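Undergrad: Following this line is structure_12.pdb, made up of PDB, C-alpha atoms and all ligand atoms:
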ATOM      1  CA  MET A   1      -3.339 -17.360  -1.786
ATOM      2  CA  GLY A   2      -0.064 -15.825  -0.673
ATOM      3  CA  TYR A   3       0.541 -13.290   2.038
ATOM      4  CA  LEU A   4       2.799 -10.432   3.078
ATOM      5  CA  LYS A   5       5.592 -11.982   5.116
ATOM      6  CA  GLN A   6       7.776  -9.030   5.998
ATOM      7  CA  ILE A   7       8.376  -5.330   5.376
ATOM      8  CA  ASP A   8      11.970  -4.073   5.189
ATOM      9  CA  ILE A   9      12.202  -0.376   5.880
ATOM     10  CA  GLU A  10      15.047   2.079   5.627
ATOM     11  CA  ASN A  11      14.839   5.685   6.819
ATOM     12  CA  PHE A  12      11.114   5.885   6.177
ATOM     13  CA  LYS A  13       8.973   8.167   8.337
ATOM     14  CA  SER A  14       9.452   7.254  12.015
ATOM     15  CA  TRP A  15      12.025   4.500  11.294
ATOM     16  CA  ARG A  16      15.661   5.555  11.346
ATOM     17  CA  GLY A  17      18.134   3.251   9.590
ATOM     18  CA  LYS A  18      17.128  -0.297   8.710
ATOM     19  CA  THR A  19      14.084  -1.873  10.344
ATOM     20  CA  VAL A  20      12.336  -5.162   9.732
ATOM     21  CA  LEU A  21       8.597  -5.391  10.424
ATOM     22  CA  GLY A  22       7.385  -8.965  10.741
ATOM     23  CA  PRO A  23       7.320 -11.823  10.169
ATOM     24  CA  PHE A  24       3.604 -11.369   9.603
ATOM     25  CA  MET A  25       0.918 -13.992   9.498
ATOM     26  CA  ARG A  26      -2.165 -14.083   7.253
ATOM     27  CA  PHE A  27      -4.032 -11.977   9.770
ATOM     28  CA  ASN A  28      -2.229  -9.361  11.840
ATOM     29  CA  CYS A  29      -3.077  -6.745  14.393
ATOM     30  CA  ILE A  30      -0.883  -3.743  15.122
ATOM     31  CA  ILE A  31      -1.303  -2.036  18.469
ATOM     32  CA  GLY A  32       0.486   0.903  20.034
ATOM     33  CA  THR A  33       0.051   4.190  21.819
ATOM     34  CA  ASN A  34      -0.889   7.388  19.994
ATOM     35  CA  GLY A  35       1.930   8.575  17.768
ATOM     36  CA  SER A  36       3.816   5.286  17.987
ATOM     37  CA  GLY A  37       3.673   4.703  14.220
ATOM     38  CA  LYS A  38       0.669   2.464  13.497
ATOM     39  CA  SER A  39      -0.520   4.632  10.605
ATOM     40  CA  ASN A  40       3.069   4.843   9.369
ATOM     41  CA  VAL A  41       2.876   1.072   8.775
ATOM     42  CA  MET A  42      -0.123   1.717   6.514
ATOM     43  CA  ASP A  43       1.803   4.529   4.810
ATOM     44  CA  ALA A  44       4.793   2.211   4.266
ATOM     45  CA  LEU A  45       2.515  -0.431   2.723
ATOM     46  CA  SER A  46       0.731   2.102   0.604
ATOM     47  CA  PHE A  47       3.997   3.739  -0.525
ATOM     48  CA  ALA A  48       5.420   0.375  -1.615
ATOM     49  CA  MET A  49       2.180  -0.286  -3.488
ATOM     50  CA  GLY A  50       2.872   2.776  -5.645
ATOM     51  CA  GLU A  51       0.735   5.384  -3.928
ATOM     52  CA  ARG A  52       1.293   9.099  -4.571
ATOM     53  CA  ALA A  53       2.530  11.559  -1.928
ATOM     54  CA  ALA A  54      -0.850  13.271  -1.558
ATOM     55  CA  SER A  55      -2.414  10.041  -0.269
ATOM     56  CA  LEU A  56       0.467   9.453   2.137
ATOM     57  CA  ARG A  57      -0.171  12.444   4.385
ATOM     58  CA  VAL A  58       2.751  14.442   2.878
ATOM     59  CA  LYS A  59       3.167  17.122   0.217
ATOM     60  CA  HIS A  60       6.367  15.784  -1.379
ATOM     61  CA  LEU A  61       7.773  12.250  -1.469
ATOM     62  CA  ARG A  62      10.996  13.504   0.137
ATOM     63  CA  ASP A  63       8.936  14.391   3.251
ATOM     64  CA  LEU A  64       8.666  10.641   3.840
ATOM     65  CA  VAL A  65      12.384  10.323   4.618
ATOM     66  CA  HIS A  66      13.054   9.955   8.331
ATOM     67  CA  GLY A  67      13.491  13.361   9.925
ATOM     68  CA  ALA A  68      12.206  15.324   6.918
ATOM     69  CA  HIS A  69       9.004  16.324   8.717
ATOM     70  CA  ILE A  70      11.092  18.547  11.003
ATOM     71  CA  GLY A  71      13.461  19.607   8.202
ATOM     72  CA  GLN A  72      16.238  17.211   9.238
ATOM     73  CA  PRO A  73      16.265  14.246   6.841
ATOM     74  CA  VAL A  74      18.908  11.745   7.962
ATOM     75  CA  GLN A  75      19.649  10.668   4.364
ATOM     76  CA  GLU A  76      18.759  11.527   0.778
ATOM     77  CA  THR A  77      17.380   8.030   0.349
ATOM     78  CA  SER A  78      14.671   5.903   1.845
ATOM     79  CA  SER A  79      13.057   2.606   0.907
ATOM     80  CA  VAL A  80      10.282   0.174   1.701
ATOM     81  CA  ALA A  81      10.386  -3.438   0.500
ATOM     82  CA  LEU A  82       7.426  -5.800   0.715
ATOM     83  CA  ARG A  83       8.323  -9.489   0.941
ATOM     84  CA  TYR A  84       5.432 -11.440  -0.500
ATOM     85  CA  CYS A  85       5.269 -15.204  -0.075
ATOM     86  CA  ASP A  86       3.162 -17.395  -2.373
ATOM     87  CA  ASP A  87       1.585 -20.766  -1.560
ATOM     88  CA  GLU A  88       4.766 -22.625  -2.544
ATOM     89  CA  ASP A  89       6.758 -20.407  -0.175
ATOM     90  CA  ARG A  90       8.414 -18.555  -3.092
ATOM     91  CA  GLU A  91       9.224 -14.967  -2.308
ATOM     92  CA  THR A  92       8.733 -11.860  -4.474
ATOM     93  CA  VAL A  93      10.207  -8.581  -3.248
ATOM     94  CA  PHE A  94       8.529  -5.326  -4.258
ATOM     95  CA  CYS A  95      10.738  -2.402  -3.342
ATOM     96  CA  ARG A  96      10.211   1.311  -3.814
ATOM     97  CA  THR A  97      12.896   3.858  -3.077
ATOM     98  CA  ILE A  98      13.073   7.613  -2.734
ATOM     99  CA  ALA A  99      16.257   9.358  -3.862
ATOM    100  CA  GLY A 100      15.953  13.107  -3.511
ATOM    101  CA  ASP A 101      12.906  14.085  -5.523
ATOM    102  CA  SER A 102      12.701  10.919  -7.588
ATOM    103  CA  THR A 103      11.361   7.483  -6.874
ATOM    104  CA  GLU A 104      12.304   4.057  -8.249
ATOM    105  CA  TYR A 105      10.668   0.643  -8.353
ATOM    106  CA  HIS A 106      12.328  -2.771  -8.111
ATOM    107  CA  VAL A 107      10.937  -6.282  -8.359
ATOM    108  CA  ASN A 108      13.269  -8.934  -6.948
ATOM    109  CA  GLY A 109      16.144  -6.467  -7.223
ATOM    110  CA  THR A 110      15.497  -5.536 -10.875
ATOM    111  CA  HIS A 111      14.773  -1.908 -11.663
ATOM    112  CA  VAL A 112      11.384  -1.663 -13.419
ATOM    113  CA  THR A 113       9.064   1.065 -14.678
ATOM    114  CA  PHE A 114       6.075   2.132 -12.595
ATOM    115  CA  ASP A 115       3.690   0.416 -15.064
ATOM    116  CA  LYS A 116       5.620  -2.859 -14.909
ATOM    117  CA  TYR A 117       5.693  -2.650 -11.096
ATOM    118  CA  ILE A 118       1.912  -2.186 -10.974
ATOM    119  CA  GLN A 119       1.472  -5.106 -13.405
ATOM    120  CA  GLU A 120       3.622  -7.351 -11.197
ATOM    121  CA  LEU A 121       1.589  -6.323  -8.138
ATOM    122  CA  GLU A 122      -1.617  -7.120 -10.007
ATOM    123  CA  LYS A 123      -0.290 -10.621 -10.663
ATOM    124  CA  ILE A 124      -0.403 -11.262  -6.921
ATOM    125  CA  GLY A 125      -3.832  -9.664  -6.597
ATOM    126  CA  VAL A 126      -2.811  -6.195  -5.423
ATOM    127  CA  VAL A 127      -4.952  -3.771  -7.385
ATOM    128  CA  SER A 128      -3.442  -0.336  -6.928
ATOM    129  CA  LYS A 129      -6.399   1.475  -8.460
ATOM    130  CA  ALA A 130      -8.614  -0.036  -5.734
ATOM    131  CA  GLN A 131      -7.215   2.346  -3.138
ATOM    132  CA  ASN A 132     -10.014   1.386  -0.805
ATOM    133  CA  CYS A 133      -8.374  -1.998  -0.239
ATOM    134  CA  LEU A 134      -6.559   0.000   2.428
ATOM    135  CA  VAL A 135      -8.971   1.693   4.760
ATOM    136  CA  PHE A 136      -7.096   4.519   6.412
ATOM    137  CA  GLN A 137      -7.676   6.103   9.780
ATOM    138  CA  GLY A 138     -10.956   8.020   9.753
ATOM    139  CA  ALA A 139     -12.131   6.441   6.490
ATOM    140  CA  VAL A 140     -14.394   3.772   7.998
ATOM    141  CA  GLU A 141     -17.190   6.272   8.568
ATOM    142  CA  SER A 142     -16.972   7.830   5.105
ATOM    143  CA  ILE A 143     -17.183   4.375   3.480
ATOM    144  CA  ALA A 144     -20.091   3.380   5.725
ATOM    145  CA  LEU A 145     -21.918   6.597   4.809
ATOM    146  CA  LYS A 146     -21.511   6.167   1.053
ATOM    147  CA  HIS A 147     -24.615   5.646  -1.082
ATOM    148  CA  PRO A 148     -25.107   1.843  -1.472
ATOM    149  CA  LYS A 149     -24.398   2.104  -5.232
ATOM    150  CA  GLU A 150     -21.129   3.943  -4.538
ATOM    151  CA  ARG A 151     -20.170   1.408  -1.871
ATOM    152  CA  THR A 152     -20.929  -1.420  -4.314
ATOM    153  CA  LYS A 153     -18.519   0.229  -6.786
ATOM    154  CA  VAL A 154     -15.791   0.175  -4.101
ATOM    155  CA  PHE A 155     -16.221  -3.562  -3.524
ATOM    156  CA  GLU A 156     -16.459  -4.233  -7.263
ATOM    157  CA  CYS A 157     -13.181  -2.417  -7.744
ATOM    158  CA  ILE A 158     -11.461  -4.337  -4.910
ATOM    159  CA  SER A 159     -12.725  -7.732  -6.101
ATOM    160  CA  GLN A 160     -12.157  -6.808  -9.774
ATOM    161  CA  SER A 161     -15.661  -8.076 -10.507
ATOM    162  CA  ARG A 162     -16.414  -4.808 -12.305
ATOM    163  CA  GLU A 163     -14.390  -6.011 -15.288
ATOM    164  CA  HIS A 164     -16.868  -8.873 -15.709
ATOM    165  CA  ALA A 165     -20.003  -6.750 -15.229
ATOM    166  CA  GLU A 166     -20.636  -6.285 -18.974
ATOM    167  CA  GLU A 167     -20.304 -10.012 -19.704
ATOM    168  CA  TYR A 168     -22.545 -10.780 -16.726
ATOM    169  CA  ASP A 169     -25.246  -8.404 -17.994
ATOM    170  CA  LEU A 170     -25.082  -9.870 -21.505
ATOM    171  CA  ARG A 171     -25.413 -13.435 -20.202
ATOM    172  CA  LYS A 172     -28.257 -12.438 -17.918
ATOM    173  CA  LYS A 173     -30.123 -10.844 -20.846
ATOM    174  CA  ALA A 174     -29.545 -13.953 -22.969
ATOM    175  CA  MET A 175     -30.852 -16.210 -20.190
ATOM    176  CA  LEU A 176     -33.959 -14.068 -19.706
ATOM    177  CA  LYS A 177     -34.679 -14.242 -23.468
ATOM    178  CA  ALA A 178     -34.316 -18.040 -23.565
TER     179      ALA A 178
HETATM  180  P1  LIG B 201      -2.557   7.501  16.423
HETATM  181  O1  LIG B 201      -2.902   6.410  17.380
HETATM  182  O2  LIG B 201      -2.677   8.849  17.034
HETATM  183  O3  LIG B 201      -3.295   7.389  15.124
HETATM  184  P2  LIG B 201      -0.204   6.372  15.161
HETATM  185  O4  LIG B 201       0.317   5.231  15.974
HETATM  186  O5  LIG B 201      -1.019   6.051  13.962
HETATM  187  O6  LIG B 201      -0.986   7.368  16.110
HETATM  188  P3  LIG B 201       1.547   7.662  13.309
HETATM  189  O7  LIG B 201       0.699   8.733  12.728
HETATM  190  O8  LIG B 201       1.768   6.439  12.502
HETATM  191  O9  LIG B 201       1.041   7.278  14.761
HETATM  192  O10 LIG B 201       3.000   8.208  13.652
HETATM  193  C1  LIG B 201       3.201   9.522  14.024
HETATM  194  C2  LIG B 201       4.673   9.686  14.365
HETATM  195  O11 LIG B 201       5.445   9.544  13.186
HETATM  196  C3  LIG B 201       4.920  11.055  14.943
HETATM  197  O12 LIG B 201       5.627  10.881  16.165
HETATM  198  C4  LIG B 201       5.781  11.739  13.912
HETATM  199  O13 LIG B 201       6.731  12.560  14.519
HETATM  200  C5  LIG B 201       6.454  10.556  13.232
HETATM  201  N1  LIG B 201       6.858  10.891  11.862
HETATM  202  C6  LIG B 201       6.078  11.164  10.795
HETATM  203  N2  LIG B 201       6.815  11.476   9.719
HETATM  204  C7  LIG B 201       8.108  11.370  10.115
HETATM  205  C8  LIG B 201       9.348  11.568   9.461
HETATM  206  N3  LIG B 201       9.440  11.931   8.168
HETATM  207  N4  LIG B 201      10.471  11.389  10.200
HETATM  208  C9  LIG B 201      10.416  11.012  11.488
HETATM  209  N5  LIG B 201       9.287  10.813  12.167
HETATM  210  C10 LIG B 201       8.132  11.000  11.479
HETATM  211 MG    MG B 202      -2.882   6.546  13.322
END
Spell out the structure here as structure tokens.
Ligand code: ATP
Ligand code: MG
TA:
Amino acid sequence: MGYLKQIDIENFKSWRGKTVLGPFMRFNCIIGTNGSGKSNVMDALSFAMGERAASLRVKHLRDLVHGAHIGQPVQETSSVALRYCDDEDRETVFCRTIAGDSTEYHVNGTHVTFDKYIQELEKIGVVSKAQNCLVFQGAVESIALKHPKERTKVFECISQSREHAEEYDLRKKAMLKA
């Protein structure tokens, strides 16, 4: 199973100009004082995984550009690129950009549609519809307080086992009959 090796950021949220986060390992811990940008790392990840503005703590995508939160964006454009490394050390780069009010997706430098981008992410096991793969600040409690059936659904969505639930039920019925 591969892992996220590096995040290349340009003019995104608290990062002005070009910034490289990483290299990461398979397990990472980010520490810092209040307001230092820990949640912004989650936002950068989430943004590059195709998330919408509403889930990124902003009203419009352009609010994600460095300086925009105080009405002084440094540029019209901003980007986040995820460098994913597979077991053979081959790299795939997933990059999302903001240009004014529009957003674009690139895989290894090739411009692709949103659907294609999501498909390519799914190939490496990133399931964008399983938003709960990323547990944001304050969300631990709400997940812990969910009804067990609802919580099961969350894990089924993350593990993609839900897609096999029907087949599983059919086989179970067949085994019980036999
Ligand atoms: P806490 O420990 O309180 O959760 P944190 O480390 O998670 O803090 P973040 O919420 O990631 O902190 O970062 C907040 C900082 O990001 C603030 O200082 C805010 O000014 C800055 N910030 C957010 N959006 C932008 C933006 N568009 N441009 C520049 N700075 C921004
Ligand atoms: Mg935070």
Undergrad: List every protein, DNA or RNA residue that has at least one atom no more than 8 Å from (12.0, 3.1, 2.7) in the file's coordinates, counting all atoms listed in the file, and write the result as an mmCIF file with C-alpha atoms, in the frame of the given file.
TA:
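Dumped to part.cif:
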data_model
loop_
_atom_site.group_PDB
_atom_site.id
_atom_site.type_symbol
_atom_site.label_atom_id
_atom_site.label_comp_id
_atom_site.auth_asym_id
_atom_site.auth_seq_id
_atom_site.Cartn_x
_atom_site.Cartn_y
_atom_site.Cartn_z
ATOM 1 C CA ASP A 8 11.970 -4.073 5.189
ATOM 2 C CA ILE A 9 12.202 -0.376 5.880
ATOM 3 C CA GLU A 10 15.047 2.079 5.627
ATOM 4 C CA ASN A 11 14.839 5.685 6.819
ATOM 5 C CA PHE A 12 11.114 5.885 6.177
ATOM 6 C CA ALA A 44 4.793 2.211 4.266
ATOM 7 C CA VAL A 65 12.384 10.323 4.618
ATOM 8 C CA THR A 77 17.380 8.030 0.349
ATOM 9 C CA SER A 78 14.671 5.903 1.845
ATOM 10 C CA SER A 79 13.057 2.606 0.907
ATOM 11 C CA VAL A 80 10.282 0.174 1.701
ATOM 12 C CA ALA A 81 10.386 -3.438 0.500
ATOM 13 C CA ARG A 96 10.211 1.311 -3.814
ATOM 14 C CA THR A 97 12.896 3.858 -3.077
ATOM 15 C CA ILE A 98 13.073 7.613 -2.734
#
Undergrad: Please tabulate, as CSV, the residues of chain A that come within 6 Å of ligand LIG 201 (chain B), each with its closest pair of atoms and the distance in Å to one decimal, counting all atoms listed in the file and ordering rows by chain, then residue number upward.
TA:
residue,atom,partner,partner_atom,distance
A:Lys13,CA,B:LIG201,C8,3.6
A:Ser14,CA,B:LIG201,N5,3.6
A:Gly32,CA,B:LIG201,O4,5.9
A:Thr33,CA,B:LIG201,O1,5.8
A:Asn34,CA,B:LIG201,O1,3.4
A:Gly35,CA,B:LIG201,O9,3.4
A:Ser36,CA,B:LIG201,O4,4.0
A:Gly37,CA,B:LIG201,O8,3.1
A:Lys38,CA,B:LIG201,O4,3.7
A:Ser39,CA,B:LIG201,O8,3.5
A:Asn40,CA,B:LIG201,O8,3.7
A:Asp63,CA,B:LIG201,N3,5.5
A:Leu64,CA,B:LIG201,N3,4.6
A:Val65,CA,B:LIG201,N3,4.9
A:His66,CA,B:LIG201,N4,3.5
A:Gly67,CA,B:LIG201,N4,3.6
A:Ala68,CA,B:LIG201,N3,4.6
A:His69,CA,B:LIG201,N3,4.4
Undergrad: Just how far from CA of Gly109 (chain A) is CA of Trp15 (chain A), in Å to one decimal?
TA: 21.9 Å
Undergrad: Can you tell me which residues surround Tyr117 (chain A) at a distance of at most 10 Å, considering all atoms listed in the file, apart from same-chain residues fewer than 6 positions away, and format the answer as a list in words?
TA: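 With the cut-off at 10 Å, the set is Ala48, Met49, Gly50, Phe94, Cys95, Arg96, Glu104, Tyr105, His106, Val107, His111 and Lys123 of chain A.
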Undergrad: For a quick check of understanding, using all atoms listed in the file, which of A:Gln160, A:Gln137, A:Thr19, A:Ser55 has the smallest distance to ligand MG 202 (chain B)?
TA: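 For ligand MG 202 (chain B), the nearest of the candidates is A:Gln137.
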Undergrad: Measuring between all atoms listed in the file, which one of A:Ala144, A:Gly2, A:Asp101, A:Ile30 shows the shortest distance to ligand MG 202 (chain B)?
TA: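 Closest to ligand MG 202 (chain B) of all the choices is A:Ile30.
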Undergrad: Which residues fall under the PyMOL selection byres (((chain A and resi 92) around 9) and not hetatm) in this file, as a list of chain:residue names?
TA: A:Leu82, A:Arg83, A:Tyr84, A:Cys85, A:Asp86, A:Arg90, A:Glu91, A:Val93, A:Phe94, A:Val107, A:Asn108
Undergrad: Have a look at A:Arg57, A:His147, A:Arg52, A:Arg26 and name the one nearest to ligand MG 202 (chain B); count all atoms listed in the file.
TA: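 For ligand MG 202 (chain B), the nearest of the given residues is A:Arg57.
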Undergrad: Between CA of Ala53 (chain A) and CA of Gly71 (chain A), what is the distance in Å, rounded to a tenth?
TA: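 Taking CA of Ala53 (chain A) and CA of Gly71 (chain A), their separation equals 16.9 Å.
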Undergrad: If I put a ball of radius 8 Å at (-1.4, -23.9, -1.2) in the file's coordinates, which residues poke into it when counting all atoms listed in the file, written as a count of residues only?
TA: 3
Undergrad: Pick the closest to ligand MG 202 (chain B) from A:Ile118, A:Phe136, A:Ala99, A:Cys29: which is it, counting only C-alpha atoms and all ligand atoms?
TA: A:Phe136
Undergrad: Work out how far apart CA of Pro23 (chain A) and CA of Thr110 (chain A) are and give it in Å to one decimal.
TA: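 Computed distance, CA of Pro23 (chain A) to CA of Thr110 (chain A), equals 23.4 Å.
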Undergrad: Ranking A:Ile70, A:Phe24, A:Met42, A:Leu121 by minimum distance to ligand MG 202 (chain B) and counting only C-alpha atoms and all ligand atoms, which one comes first?
TA: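 Closest to ligand MG 202 (chain B) of all the choices is A:Met42.
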Undergrad: Would you please work out which residue, of A:Val112, A:Ala54, A:Val41, A:Leu134, is nearest to ligand MG 202 (chain B) when using only C-alpha atoms and all ligand atoms?
TA: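 Residue with the minimum atom-to-atom distance to ligand MG 202 (chain B): A:Val41.
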